[in-house]
>>> print(open('model.txt').read())   # compact mmCIF, C-alpha atoms and all ligand atoms
# COMPACT_ATOMS: atom_id res chain seq x y z
CA MET F 1 103.47 47.64 103.72
CA PRO F 2 100.61 45.59 102.24
CA GLY F 3 101.42 41.98 101.59
CA VAL F 4 104.80 42.19 103.37
CA ALA F 5 105.35 39.76 106.19
CA SER F 6 106.84 41.19 109.36
CA PRO F 7 110.33 39.89 110.16
CA LEU F 8 109.09 39.55 113.71
CA SER F 9 106.49 37.14 112.48
CA MET F 10 109.07 35.18 110.53
CA PRO F 11 110.55 32.08 112.06
CA THR F 12 113.83 32.90 113.85
CA PRO F 13 116.08 31.21 111.25
CA ARG F 14 114.55 33.45 108.60
CA ARG F 15 115.25 36.62 110.59
CA LEU F 16 118.87 35.55 110.96
CA THR F 17 119.29 34.93 107.26
CA PRO F 18 121.52 37.55 105.57
CA PRO F 19 119.48 40.15 103.62
CA PHE F 20 120.99 39.17 100.29
CA LEU F 21 119.83 35.59 100.71
CA ARG F 22 116.41 36.81 101.84
CA GLN F 23 116.29 38.87 98.66
CA LEU F 24 116.85 35.78 96.57
CA ALA F 25 113.98 34.08 98.35
CA GLY F 26 111.11 35.99 96.77
CA ASP F 27 112.02 39.70 97.05
CA PRO F 28 114.39 40.27 94.10
CA LEU F 29 114.39 44.09 94.33
CA GLY F 30 115.06 44.08 98.06
CA LEU F 31 112.34 46.63 98.66
CA GLY F 32 110.01 44.51 100.77
CA ARG F 33 110.45 41.98 103.51
CA ALA F 34 114.11 41.35 102.65
CA ALA F 35 115.00 44.93 103.65
CA GLN F 36 112.57 45.41 106.50
CA SER F 37 114.01 45.61 110.01
CA ALA F 38 112.19 44.40 113.10
CA HIS F 39 111.84 48.03 114.20
CA SER F 40 110.28 49.24 110.95
CA ALA F 41 107.94 46.25 111.04
CA SER F 42 106.70 47.43 114.44
CA LEU F 43 105.80 50.95 113.22
CA THR F 44 102.32 52.00 112.12
CA ALA F 45 101.65 55.06 109.97
CA ARG F 46 99.33 57.70 111.45
CA THR F 47 97.27 57.46 108.28
CA ARG F 48 96.51 53.80 109.08
CA THR F 49 94.76 54.64 112.34
CA ALA F 50 92.50 57.41 111.00
CA ASP F 51 88.73 57.05 111.38
CA ARG F 52 88.10 58.76 108.05
CA VAL F 53 89.82 60.65 105.25
CA VAL F 54 88.48 63.93 103.83
CA GLN F 55 89.54 65.32 100.45
CA SER F 56 90.54 68.97 100.56
CA ILE F 57 92.66 71.64 98.85
CA CYS F 58 95.91 73.09 100.16
CA PRO F 59 95.13 76.52 101.65
CA TYR F 60 98.46 78.16 100.94
CA CYS F 61 98.69 79.17 97.29
CA ALA F 62 96.86 79.39 94.00
CA VAL F 63 98.26 76.12 92.65
CA GLY F 64 95.51 74.40 94.60
CA CYS F 65 97.16 71.04 95.24
CA GLY F 66 94.85 68.27 96.41
CA GLN F 67 95.12 67.04 99.97
CA LYS F 68 93.83 64.15 102.02
CA VAL F 69 92.98 65.08 105.59
CA TYR F 70 93.17 62.18 108.05
CA VAL F 71 90.79 62.49 110.98
CA LYS F 72 90.74 60.50 114.21
CA ASP F 73 88.37 61.18 117.10
CA GLU F 74 87.20 64.27 115.15
CA LYS F 75 90.72 65.72 115.18
CA VAL F 76 93.07 66.21 112.23
CA ILE F 77 96.04 63.88 112.72
CA GLN F 78 97.75 64.13 109.33
CA ILE F 79 97.45 65.87 105.95
CA GLU F 80 99.07 64.40 102.85
CA GLY F 81 98.98 64.81 99.08
CA ASP F 82 95.99 63.42 97.20
CA PRO F 83 97.01 61.10 94.33
CA ASP F 84 93.55 61.60 92.78
CA SER F 85 94.15 65.34 92.26
CA PRO F 86 94.67 66.07 88.53
CA ILE F 87 96.60 69.19 89.56
CA SER F 88 99.20 67.77 91.92
CA ARG F 89 98.84 63.97 91.55
CA GLY F 90 99.75 63.32 95.17
CA ARG F 91 102.53 65.87 95.47
CA LEU F 92 102.81 68.73 97.96
CA CYS F 93 105.59 71.30 98.30
CA PRO F 94 107.31 71.57 101.72
CA LYS F 95 104.85 74.21 102.83
CA GLY F 96 101.83 72.18 101.79
CA SER F 97 103.34 69.08 103.40
CA ALA F 98 103.38 70.93 106.73
CA THR F 99 99.70 71.91 106.60
CA GLU F 100 98.92 69.71 109.60
CA MET F 101 100.84 72.27 111.68
CA LEU F 102 98.45 74.99 110.56
CA VAL F 103 95.75 73.08 112.41
CA ASN F 104 97.58 71.61 115.39
CA SER F 105 100.43 73.99 116.15
CA PRO F 106 100.46 75.11 119.82
CA MET F 107 101.41 78.55 118.46
CA ARG F 108 98.17 78.85 116.50
CA GLU F 109 96.18 81.94 117.49
CA THR F 110 92.66 81.04 118.48
CA GLN F 111 91.56 84.34 120.05
CA VAL F 112 91.11 87.82 118.64
CA LYS F 113 93.94 90.16 119.63
CA TYR F 114 93.50 93.94 119.77
CA ARG F 115 96.05 96.67 120.42
CA ARG F 116 94.41 99.95 121.33
CA PRO F 117 95.74 103.17 119.80
CA GLY F 118 98.87 104.16 121.69
CA ALA F 119 98.99 100.91 123.67
CA ALA F 120 102.14 98.79 123.82
CA ASP F 121 100.45 95.49 124.59
CA TRP F 122 97.87 93.31 122.89
CA GLU F 123 94.68 92.29 124.66
CA HIS F 124 92.16 89.57 123.92
CA ILE F 125 88.66 90.62 122.93
CA SER F 126 85.65 88.51 121.99
CA LEU F 127 84.87 87.71 118.38
CA GLU F 128 81.53 89.48 118.75
CA GLN F 129 83.20 92.68 119.95
CA ALA F 130 85.78 92.54 117.15
CA THR F 131 83.07 91.98 114.53
CA ASP F 132 81.11 94.98 115.80
CA MET F 133 84.22 97.17 115.75
CA ILE F 134 85.02 96.16 112.18
CA ALA F 135 81.42 96.77 111.06
CA ASP F 136 81.45 100.26 112.63
CA ARG F 137 84.66 101.15 110.82
CA VAL F 138 83.45 99.81 107.47
CA ILE F 139 80.20 101.77 107.67
CA LYS F 140 81.98 104.98 108.70
CA ALA F 141 84.72 104.68 106.06
CA ARG F 142 82.11 104.08 103.36
CA GLU F 143 80.03 107.08 104.47
CA ASP F 144 83.03 109.36 104.76
CA THR F 145 84.45 108.52 101.34
CA TRP F 146 81.36 107.80 99.23
CA GLU F 147 81.45 109.31 95.74
CA GLU F 148 77.98 109.56 94.22
CA GLU F 149 78.90 111.25 90.94
CA THR F 150 81.66 113.02 89.04
CA ASP F 151 81.99 116.78 88.83
CA ASP F 152 80.19 116.51 85.48
CA GLY F 153 77.26 114.71 87.05
CA GLU F 154 78.15 111.26 85.71
CA PRO F 155 77.23 108.48 88.19
CA LEU F 156 80.10 106.97 90.19
CA LYS F 157 78.52 105.28 93.23
CA ARG F 158 81.83 104.09 94.63
CA THR F 159 84.24 104.45 97.52
CA LEU F 160 88.02 104.60 97.36
CA GLY F 161 88.22 104.57 101.13
CA MET F 162 88.02 100.80 101.56
CA HIS F 163 90.25 98.10 100.19
CA PHE F 164 90.43 94.35 100.61
CA LEU F 165 93.54 92.17 100.36
CA GLY F 166 92.95 88.46 100.83
CA GLY F 167 95.46 85.74 101.51
CA ALA F 168 96.01 82.18 100.37
CA THR F 169 94.32 80.67 103.39
CA LEU F 170 90.99 81.92 102.06
CA ASP F 171 89.24 79.26 100.01
CA SER F 172 87.39 79.82 96.74
CA GLU F 173 83.98 80.11 98.40
CA GLU F 174 85.20 82.72 100.88
CA ASN F 175 86.84 84.74 98.10
CA TYR F 176 83.64 84.57 96.07
CA LEU F 177 81.59 85.97 98.96
CA ILE F 178 84.18 88.64 99.78
CA LYS F 179 84.29 89.85 96.17
CA LYS F 180 80.49 90.03 96.03
CA PHE F 181 80.26 91.76 99.40
CA PHE F 182 82.88 94.45 98.79
CA THR F 183 81.68 95.13 95.25
CA ALA F 184 78.13 95.53 96.55
CA MET F 185 79.42 98.13 99.01
CA GLY F 186 81.02 100.12 96.19
CA ALA F 187 84.67 99.20 96.81
CA LEU F 188 86.98 98.97 93.81
CA SER F 189 90.25 97.78 95.32
CA ILE F 190 89.68 94.06 95.91
CA GLU F 191 92.70 91.79 95.58
CA ASN F 192 94.15 88.49 96.72
CA GLN F 193 97.84 87.68 96.90
CA ALA F 194 97.19 84.13 95.71
CA ARG F 195 95.08 84.74 92.64
CA ILE F 196 95.93 83.02 89.38
S1 LIG Y 1 101.56 75.83 98.84
FE1 LIG Y 1 102.59 74.11 97.86
S2 LIG Y 1 101.29 72.32 98.24
FE2 LIG Y 1 100.07 74.17 98.68
S3 LIG Y 1 98.95 74.60 96.76
FE3 LIG Y 1 100.87 75.79 96.73
S4 LIG Y 1 102.36 74.47 95.63
FE4 LIG Y 1 100.63 73.16 96.29
>>> encode(input="model.txt", output="structure tokens")
Amino acid sequence: MPGVASPLSMPTPRRLTPPFLRQLAGDPLGLGRAAQSAHSASLTARTRTADRVVQSICPYCAVGCGQKVYVKDEKVIQIEGDPDSPISRGRLCPKGSATEMLVNSPMRETQVKYRRPGAADWEHISLEQATDMIADRVIKAREDTWEEETDDGEPLKRTLGMHFLGGATLDSEENYLIKKFFTAMGALSIENQARI
């Protein structure tokens, strides 16, 4: 706590003084050094040891609360609410408060998993292979379901064979590109579960 002397650094007689008397000696609300234990004085917040702090937005829902991402040795060590955000003014809901786990959880999937038709187990494939497989399916679905015009000859130039449903972990820039990309391919069903 800034400006609060550590009880450990206090002369011994001061540490032995009852809290109420310590409170009378310059800490009337009892929220600072009068209430601080030797143990709490020895603790250091993870945010204090960060190399840098990056402003970001919570990835989970459309409220878009502001976050501060604390980085040490190029790794995320903590994520907290950003008091400068006009939307959330430093607050995060329980889910947003746990965003650090999205980055550092040992259960986080970092490889592409694929389950072949009829298979019972998942297998790991490379990102390149997965991207090629998705591209092949998109091209085929578009070709198979393309509608050039109506029965009356009115232009349609669309496909109802492809749909996109995004999630809250997509940021605004990704959603912008996805909307442009799918619209350019003639898709109509483009949605995100976190839209405002
Ligand atoms: S999930 Fe919670 S913290 Fe994140 S943007 Fe939504 S309300 Fe804010």
>>> residues_near_point(input="model.txt", point="(88.5, 85.0, 96.0)", cutoff="10 Å", atoms="all atoms listed in the file", output="NGL selection string")
:F and (165-168 or 170-180 or 190-195)
>>> atom_distance(input="model.txt", atom1="atom S3 of ligand LIG 1 (chain Y)", atom2="atom CA of Cys58 of chain F")
4.8 Å
>>> residues_around(input="model.txt", residues="Glu143 of chain F", least_positions_apart="4", cutoff="12 Å", atoms="only C-alpha atoms", output="PDB file with C-alpha atoms, keeping the file's coordinate frame")
ATOM      1  CA  ASP F 136      81.450 100.260 112.630  1.00  0.00           C
ATOM      2  CA  ARG F 137      84.660 101.150 110.820  1.00  0.00           C
ATOM      3  CA  VAL F 138      83.450  99.810 107.470  1.00  0.00           C
ATOM      4  CA  ILE F 139      80.200 101.770 107.670  1.00  0.00           C
ATOM      5  CA  GLU F 147      81.450 109.310  95.740  1.00  0.00           C
ATOM      6  CA  GLU F 148      77.980 109.560  94.220  1.00  0.00           C
ATOM      7  CA  LYS F 157      78.520 105.280  93.230  1.00  0.00           C
ATOM      8  CA  ARG F 158      81.830 104.090  94.630  1.00  0.00           C
ATOM      9  CA  THR F 159      84.240 104.450  97.520  1.00  0.00           C
ATOM     10  CA  LEU F 160      88.020 104.600  97.360  1.00  0.00           C
ATOM     11  CA  GLY F 161      88.220 104.570 101.130  1.00  0.00           C
ATOM     12  CA  MET F 162      88.020 100.800 101.560  1.00  0.00           C
ATOM     13  CA  MET F 185      79.420  98.130  99.010  1.00  0.00           C
ATOM     14  CA  GLY F 186      81.020 100.120  96.190  1.00  0.00           C
ATOM     15  CA  ALA F 187      84.670  99.200  96.810  1.00  0.00           C
TER      16      ALA F 187
END
>>> residues_around(input="model.txt", residues="segment 63-73 of chain F", least_positions_apart="4", cutoff="9 Å", atoms="only C-alpha atoms", output="PyMOL selection string")
chain F and resi 46-47+49-59+77-93+96+100+194+196
>>> atom_distance(input="model.txt", atom1="atom CA of Asp144 of chain F", atom2="atom CA of Ser189 of chain F")
16.6 Å
>>> residues_around(input="model.txt", residues="Pro18 of chain F", least_positions_apart="5", cutoff="12 Å", atoms="all atoms listed in the file", output="list in words")
Pro13, Gln23, Leu24, Ala25, Gly30, Ala34, Ala35, Gln36 and Ser37 of chain F
>>> axis_aligned_box(input="model.txt", around="ligand LIG 1 (chain Y)", padding_each_side="6 Å", output="JSON")
{"center_x": 100.8, "center_y": 74.1, "center_z": 97.2, "size_x": 15.6, "size_y": 15.5, "size_z": 15.2}
>>> closest_residue(input="model.txt", among="F:Gln129, F:Thr99, F:Thr17, F:Thr145", to="ligand LIG 1 (chain Y)", atoms="all atoms listed in the file")
F:Thr99
>>> atom_distance(input="model.txt", atom1="atom CA of Ser105 of chain F", atom2="atom CA of Asp121 of chain F")
23.1 Å
>>> decode(input="model.txt", residues="segment 38-57 of chain F", atoms="N, CA, C and O atoms", output="PDB file, in the first residue's frame")
ATOM      1  N   ALA F  38       2.152  -8.264  10.046  1.00  0.00           N
ATOM      2  CA  ALA F  38       3.500  -8.470   9.517  1.00  0.00           C
ATOM      3  C   ALA F  38       3.454  -9.320   8.257  1.00  0.00           C
ATOM      4  O   ALA F  38       4.202  -9.111   7.312  1.00  0.00           O
ATOM      5  N   HIS F  39       2.513 -10.298   8.218  1.00  0.00           N
ATOM      6  CA  HIS F  39       2.413 -11.166   7.045  1.00  0.00           C
ATOM      7  C   HIS F  39       1.957 -10.379   5.819  1.00  0.00           C
ATOM      8  O   HIS F  39       2.562 -10.474   4.750  1.00  0.00           O
ATOM      9  N   SER F  40       0.881  -9.562   5.989  1.00  0.00           N
ATOM     10  CA  SER F  40       0.399  -8.817   4.824  1.00  0.00           C
ATOM     11  C   SER F  40       1.442  -7.805   4.357  1.00  0.00           C
ATOM     12  O   SER F  40       1.546  -7.509   3.168  1.00  0.00           O
ATOM     13  N   ALA F  41       2.249  -7.310   5.299  1.00  0.00           N
ATOM     14  CA  ALA F  41       3.303  -6.374   4.903  1.00  0.00           C
ATOM     15  C   ALA F  41       4.382  -7.052   4.073  1.00  0.00           C
ATOM     16  O   ALA F  41       5.083  -6.408   3.292  1.00  0.00           O
ATOM     17  N   SER F  42       4.482  -8.383   4.205  1.00  0.00           N
ATOM     18  CA  SER F  42       5.529  -9.095   3.466  1.00  0.00           C
ATOM     19  C   SER F  42       5.071  -9.503   2.064  1.00  0.00           C
ATOM     20  O   SER F  42       5.865  -9.997   1.264  1.00  0.00           O
ATOM     21  N   LEU F  43       3.777  -9.344   1.754  1.00  0.00           N
ATOM     22  CA  LEU F  43       3.252  -9.788   0.461  1.00  0.00           C
ATOM     23  C   LEU F  43       3.448  -8.718  -0.613  1.00  0.00           C
ATOM     24  O   LEU F  43       3.435  -7.518  -0.318  1.00  0.00           O
ATOM     25  N   THR F  44       3.620  -9.171  -1.842  1.00  0.00           N
ATOM     26  CA  THR F  44       3.734  -8.251  -2.977  1.00  0.00           C
ATOM     27  C   THR F  44       2.738  -8.671  -4.058  1.00  0.00           C
ATOM     28  O   THR F  44       2.690  -9.848  -4.432  1.00  0.00           O
ATOM     29  N   ALA F  45       1.952  -7.758  -4.535  1.00  0.00           N
ATOM     30  CA  ALA F  45       0.974  -8.073  -5.583  1.00  0.00           C
ATOM     31  C   ALA F  45       1.694  -8.438  -6.879  1.00  0.00           C
ATOM     32  O   ALA F  45       2.748  -7.876  -7.186  1.00  0.00           O
ATOM     33  N   ARG F  46       1.095  -9.393  -7.645  1.00  0.00           N
ATOM     34  CA  ARG F  46       1.689  -9.766  -8.931  1.00  0.00           C
ATOM     35  C   ARG F  46       1.772  -8.567  -9.874  1.00  0.00           C
ATOM     36  O   ARG F  46       2.672  -8.441 -10.684  1.00  0.00           O
ATOM     37  N   THR F  47       0.806  -7.655  -9.723  1.00  0.00           N
ATOM     38  CA  THR F  47       0.786  -6.502 -10.612  1.00  0.00           C
ATOM     39  C   THR F  47       1.988  -5.583 -10.378  1.00  0.00           C
ATOM     40  O   THR F  47       2.364  -4.816 -11.243  1.00  0.00           O
ATOM     41  N   ARG F  48       2.570  -5.653  -9.164  1.00  0.00           N
ATOM     42  CA  ARG F  48       3.717  -4.796  -8.843  1.00  0.00           C
ATOM     43  C   ARG F  48       4.992  -5.235  -9.563  1.00  0.00           C
ATOM     44  O   ARG F  48       5.908  -4.452  -9.760  1.00  0.00           O
ATOM     45  N   THR F  49       5.053  -6.530  -9.910  1.00  0.00           N
ATOM     46  CA  THR F  49       6.302  -7.048 -10.476  1.00  0.00           C
ATOM     47  C   THR F  49       6.255  -7.133 -12.004  1.00  0.00           C
ATOM     48  O   THR F  49       7.182  -7.657 -12.619  1.00  0.00           O
ATOM     49  N   ALA F  50       5.169  -6.636 -12.606  1.00  0.00           N
ATOM     50  CA  ALA F  50       5.049  -6.726 -14.067  1.00  0.00           C
ATOM     51  C   ALA F  50       6.057  -5.811 -14.751  1.00  0.00           C
ATOM     52  O   ALA F  50       6.403  -4.745 -14.233  1.00  0.00           O
ATOM     53  N   ASP F  51       6.524  -6.242 -15.932  1.00  0.00           N
ATOM     54  CA  ASP F  51       7.426  -5.413 -16.727  1.00  0.00           C
ATOM     55  C   ASP F  51       6.661  -4.293 -17.431  1.00  0.00           C
ATOM     56  O   ASP F  51       7.160  -3.199 -17.608  1.00  0.00           O
ATOM     57  N   ARG F  52       5.422  -4.639 -17.862  1.00  0.00           N
ATOM     58  CA  ARG F  52       4.617  -3.628 -18.547  1.00  0.00           C
ATOM     59  C   ARG F  52       3.148  -4.003 -18.425  1.00  0.00           C
ATOM     60  O   ARG F  52       2.809  -5.139 -18.103  1.00  0.00           O
ATOM     61  N   VAL F  53       2.298  -3.018 -18.699  1.00  0.00           N
ATOM     62  CA  VAL F  53       0.849  -3.212 -18.618  1.00  0.00           C
ATOM     63  C   VAL F  53       0.243  -2.816 -19.961  1.00  0.00           C
ATOM     64  O   VAL F  53       0.541  -1.743 -20.487  1.00  0.00           O
ATOM     65  N   VAL F  54      -0.596  -3.695 -20.513  1.00  0.00           N
ATOM     66  CA  VAL F  54      -1.203  -3.455 -21.823  1.00  0.00           C
ATOM     67  C   VAL F  54      -2.708  -3.311 -21.645  1.00  0.00           C
ATOM     68  O   VAL F  54      -3.342  -4.146 -20.992  1.00  0.00           O
ATOM     69  N   GLN F  55      -3.286  -2.263 -22.213  1.00  0.00           N
ATOM     70  CA  GLN F  55      -4.737  -2.093 -22.148  1.00  0.00           C
ATOM     71  C   GLN F  55      -5.399  -3.011 -23.163  1.00  0.00           C
ATOM     72  O   GLN F  55      -4.939  -3.133 -24.295  1.00  0.00           O
ATOM     73  N   SER F  56      -6.489  -3.642 -22.753  1.00  0.00           N
ATOM     74  CA  SER F  56      -7.187  -4.553 -23.650  1.00  0.00           C
ATOM     75  C   SER F  56      -8.677  -4.544 -23.324  1.00  0.00           C
ATOM     76  O   SER F  56      -9.137  -3.765 -22.493  1.00  0.00           O
ATOM     77  N   ILE F  57      -9.416  -5.430 -24.012  1.00  0.00           N
ATOM     78  CA  ILE F  57     -10.865  -5.537 -23.829  1.00  0.00           C
ATOM     79  C   ILE F  57     -11.180  -6.979 -23.446  1.00  0.00           C
ATOM     80  O   ILE F  57     -10.617  -7.915 -24.005  1.00  0.00           O
TER      81      ILE F  57
END
